[in-house]
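Have a look at the structure below, then the notes.
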Amino acid sequence: MGAMDTGLAGKIALVPGSTSGIGLAVARSLAAEGARVVVVGRRGDLARTVAAGLPDAVGVEADLLDADDLERLVSTVTDDLGRVDVLVLNGGGPAPGRAEDMTPSAARDAVDRLLVPHVRLVEAFLPGMRERGWGRVVAVASSGVQEPIQALAASNVGRAALAGFLKSLAADVARDGVTVNMVLPGRIDTDRVASLDAGSADATGRSVADVRAASEASIPVGRYGRPDEFAAVVTFLASEIAGYVTGEQVRCDGGAVRHY
């Protein structure tokens with residue numbers, strides 16, 4: 001059996017939030033398969049630096065939470081590249097907090113962060129995918145979509161809303177050669193997870209090392225995941241060979257969620 005061909009060579013992939021963490025790992029993985037990657041970050045200098053380190057990439061400054069920035073991103077990509085073949089939906093989550101403390105303002109913020117900008121990106125680039133008969137939409141979400149995380153209530157709400165949108169969308173566009181999927185990370189070893197561990201340590205009076213050790217002990221694999229392990233799942237779903245996988249939520253969590 002020969003090497004697996006992802007069919008991503010020459011495809012154009014838009015990856016928001018790709019100057020660090022999971023997004024950066026996804027950008028690197030797609031680039032390694034020959035895709036031309038649009039690296040997006042709030043710091044333009046950093047986005048351009050990351051892009052310069054990839055085989056074929058461009059760096060664009062944009063904050064998806066700023067409506068004007070979002071429109072500039074859409075215009076820049078459309079004018080300069082003409083199309084997007086692989087749309088990765090990725091962005092930072094809301095502040096930690098429990099459901100009993102949630103306010104209407106926090107609920108609106110969750111939707112504004114985790115649903116609205118992604119709907120706009122889909123609106124901008126999906127028509128071209130359908131016209132060409134090929135496209136991939138892959139959302140970076142959270143295992144909280146399937147098993148709500150107690151201390152991340154706003155994230156649970158916003159990502160569940162995105163999940164409902166994408167599941168509905170998948171059926172609408174499946175016959176047009178466009179797949180729509182979500183990848184749900186558990187504890188991936190990123191700055192975001194380190195920040196959450198530090199917050200838990202402050203709240204409980206334990207050391208960060210103790211918090212992490214307890215978290216790792218709850219994961220069947222016994223450790224946090226690596227960003228590149230997560231990125232490999234995204235890359236598979238973005239590939240030509242995953243054309244029969246759509247409307248799915250794929251967990252990458254070391255077995256932490258115990259139900260099917």
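Simple scheme: letters A, B, ... for chains in structure tokens order, numbers from 1 for residues in each chain, numbers from 1 for ligands in the order shown.
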- Message: Excluding Lys167 of chain A and its own-chain neighbours fewer than 5 positions away, which residues fall within 12 Å of it when counting only C-alpha atoms? Please give them as a ChimeraX atom specification.
- Response: /A:137-139,160-162,172-174,179-182,246-249
Prev. selection, C-alpha atoms, output as an mmCIF file, in the first residue's frame:
```
data_model
loop_
_atom_site.group_PDB
_atom_site.id
_atom_site.type_symbol
_atom_site.label_atom_id
_atom_site.label_comp_id
_atom_site.auth_asym_id
_atom_site.auth_seq_id
_atom_site.Cartn_x
_atom_site.Cartn_y
_atom_site.Cartn_z
ATOM 1 C CA VAL A 137 -14.986 23.387 6.890
ATOM 2 C CA VAL A 138 -13.340 22.149 10.086
ATOM 3 C CA ALA A 139 -14.104 23.768 13.430
ATOM 4 C CA ALA A 160 -22.879 24.225 21.478
ATOM 5 C CA ALA A 161 -24.461 26.967 19.362
ATOM 6 C CA LEU A 162 -21.705 26.567 16.766
ATOM 7 C CA ASP A 172 -27.234 21.384 3.355
ATOM 8 C CA VAL A 173 -23.941 21.201 1.450
ATOM 9 C CA ALA A 174 -22.999 17.513 1.457
ATOM 10 C CA THR A 179 -17.759 18.530 4.215
ATOM 11 C CA VAL A 180 -18.345 20.162 7.590
ATOM 12 C CA ASN A 181 -16.888 18.709 10.775
ATOM 13 C CA MET A 182 -15.767 19.622 14.279
ATOM 14 C CA THR A 246 -19.236 15.001 7.323
ATOM 15 C CA GLY A 247 -21.468 16.301 10.079
ATOM 16 C CA GLU A 248 -19.212 14.668 12.657
ATOM 17 C CA GLN A 249 -17.738 15.659 15.994
#
```
Closest contacts (segment 105-201 of chain A/segment 205-214 of chain A, max 10 Å, only C-alpha atoms) as a Markdown table:
```
| residue | atom | partner | partner_atom | distance |
| --- | --- | --- | --- | --- |
| A:Arg187 | CA | A:Arg212 | CA | 9.9 |
| A:Val193 | CA | A:Arg212 | CA | 9.6 |
| A:Ala194 | CA | A:Val208 | CA | 8.5 |
| A:Ser195 | CA | A:Val208 | CA | 9.7 |
| A:Leu196 | CA | A:Val208 | CA | 9.7 |
| A:Asp197 | CA | A:Val208 | CA | 6.2 |
| A:Ala198 | CA | A:Val208 | CA | 5.6 |
| A:Gly199 | CA | A:Val208 | CA | 8.6 |
| A:Ser200 | CA | A:Val211 | CA | 7.1 |
| A:Ala201 | CA | A:Arg206 | CA | 4.9 |
```
Could you build a table of the residues in segment 57-84 of chain A lying no more than 9 Å from segment 118-133 of chain A, giving for each the nearest pair of atoms and their separation in Å rounded to one decimal place, using only C-alpha atoms, ordered by chain and ascending residue number, as a tab-separated table?
```
residue	atom	partner	partner_atom	distance
A:Leu64	CA	A:His118	CA	8.5
A:Leu70	CA	A:Arg120	CA	8.3
A:Glu71	CA	A:Arg120	CA	8.9
A:Val74	CA	A:Ala124	CA	6.9
A:Thr78	CA	A:Phe125	CA	8.6
A:Arg83	CA	A:Gly128	CA	6.8
A:Val84	CA	A:Phe125	CA	6.2
```
- Task: Using DSSP on the backbone, list every residue of segment 61-206 of chain A that comes out as helix (DSSP H, G or I), and give them as a VMD selection string.
- Result: chain A and resid 67 to 81 99 to 101 104 to 114 116 to 132 143 to 145 153 to 176 191 to 204
- Query: DSSP on the backbone: what in segment 70-202 of chain A comes out strand (DSSP E), as a PyMOL selection string?
  - Reply: chain A and resi 86-89+135-140+178-185
- Option closest in space to Asp63 of chain A, from A:Gly93, A:Gly7, A:Gly41, A:Gly186 [counting only C-alpha atoms]: A:Gly41
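You will find atom CA of Val221 of chain A at 21.9 Å from atom CA of Thr235 of chain A.
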- Query: Hey, what's within 8 Å of Val39 of chain A if we count only C-alpha atoms and toss same-chain stuff fewer than 6 positions away? As JSON, numbers by chain, please?
  - Reply: {"A": [14, 15, 16, 17, 18, 19, 27, 47, 48, 50, 51, 57, 58, 59, 60]}
Using only C-alpha atoms, which protein or nucleic acid residues come within 7 Å of Arg136 of chain A? Drop anything in the same chain fewer than 4 positions from it, and give the result as a PDB file with N, CA and C atoms, in the first residue's frame.
```pdb
ATOM      1  N   ASP A  85     -10.252  27.016   0.064  1.00  0.00           N
ATOM      2  CA  ASP A  85     -10.672  25.620  -0.096  1.00  0.00           C
ATOM      3  C   ASP A  85     -10.908  24.950   1.251  1.00  0.00           C
ATOM      4  N   VAL A  86     -10.072  25.295   2.225  1.00  0.00           N
ATOM      5  CA  VAL A  86     -10.161  24.718   3.567  1.00  0.00           C
ATOM      6  C   VAL A  86     -10.350  25.863   4.552  1.00  0.00           C
ATOM      7  N   LEU A  87     -11.497  25.887   5.215  1.00  0.00           N
ATOM      8  CA  LEU A  87     -11.800  26.922   6.198  1.00  0.00           C
ATOM      9  C   LEU A  87     -11.761  26.297   7.587  1.00  0.00           C
ATOM     10  N   VAL A 178     -18.782  19.477  -0.292  1.00  0.00           N
ATOM     11  CA  VAL A 178     -18.259  20.225   0.858  1.00  0.00           C
ATOM     12  C   VAL A 178     -18.566  19.446   2.126  1.00  0.00           C
ATOM     13  N   THR A 179     -17.548  19.193   2.931  1.00  0.00           N
ATOM     14  CA  THR A 179     -17.759  18.530   4.215  1.00  0.00           C
ATOM     15  C   THR A 179     -17.613  19.532   5.346  1.00  0.00           C
ATOM     16  N   VAL A 180     -18.323  19.266   6.433  1.00  0.00           N
ATOM     17  CA  VAL A 180     -18.345  20.162   7.590  1.00  0.00           C
ATOM     18  C   VAL A 180     -18.205  19.309   8.840  1.00  0.00           C
ATOM     19  N   ALA A 238      -9.614  17.697   6.698  1.00  0.00           N
ATOM     20  CA  ALA A 238      -9.492  18.679   5.623  1.00  0.00           C
ATOM     21  C   ALA A 238      -9.062  18.038   4.307  1.00  0.00           C
TER      22      ALA A 238
END
```
- Message: Which residues are near Val157 of chain A? Cut-off 8 Å, only C-alpha atoms, ignore same chain within fewer than 4 positions. Put them as a count of residues only.
- Response: 5
- Query: Quick one: residues within 7 Å of Tyr224 of chain A, only C-alpha atoms counted, chain neighbours fewer than 4 positions away excluded, as a ChimeraX atom specification?
  - Reply: /A:187-189,216
- Min atom-atom distance to Ala31 of chain A from the set A:Leu46, A:Ala9, A:Leu65, A:Ala203, counting only C-alpha atoms, belongs to A:Ala9
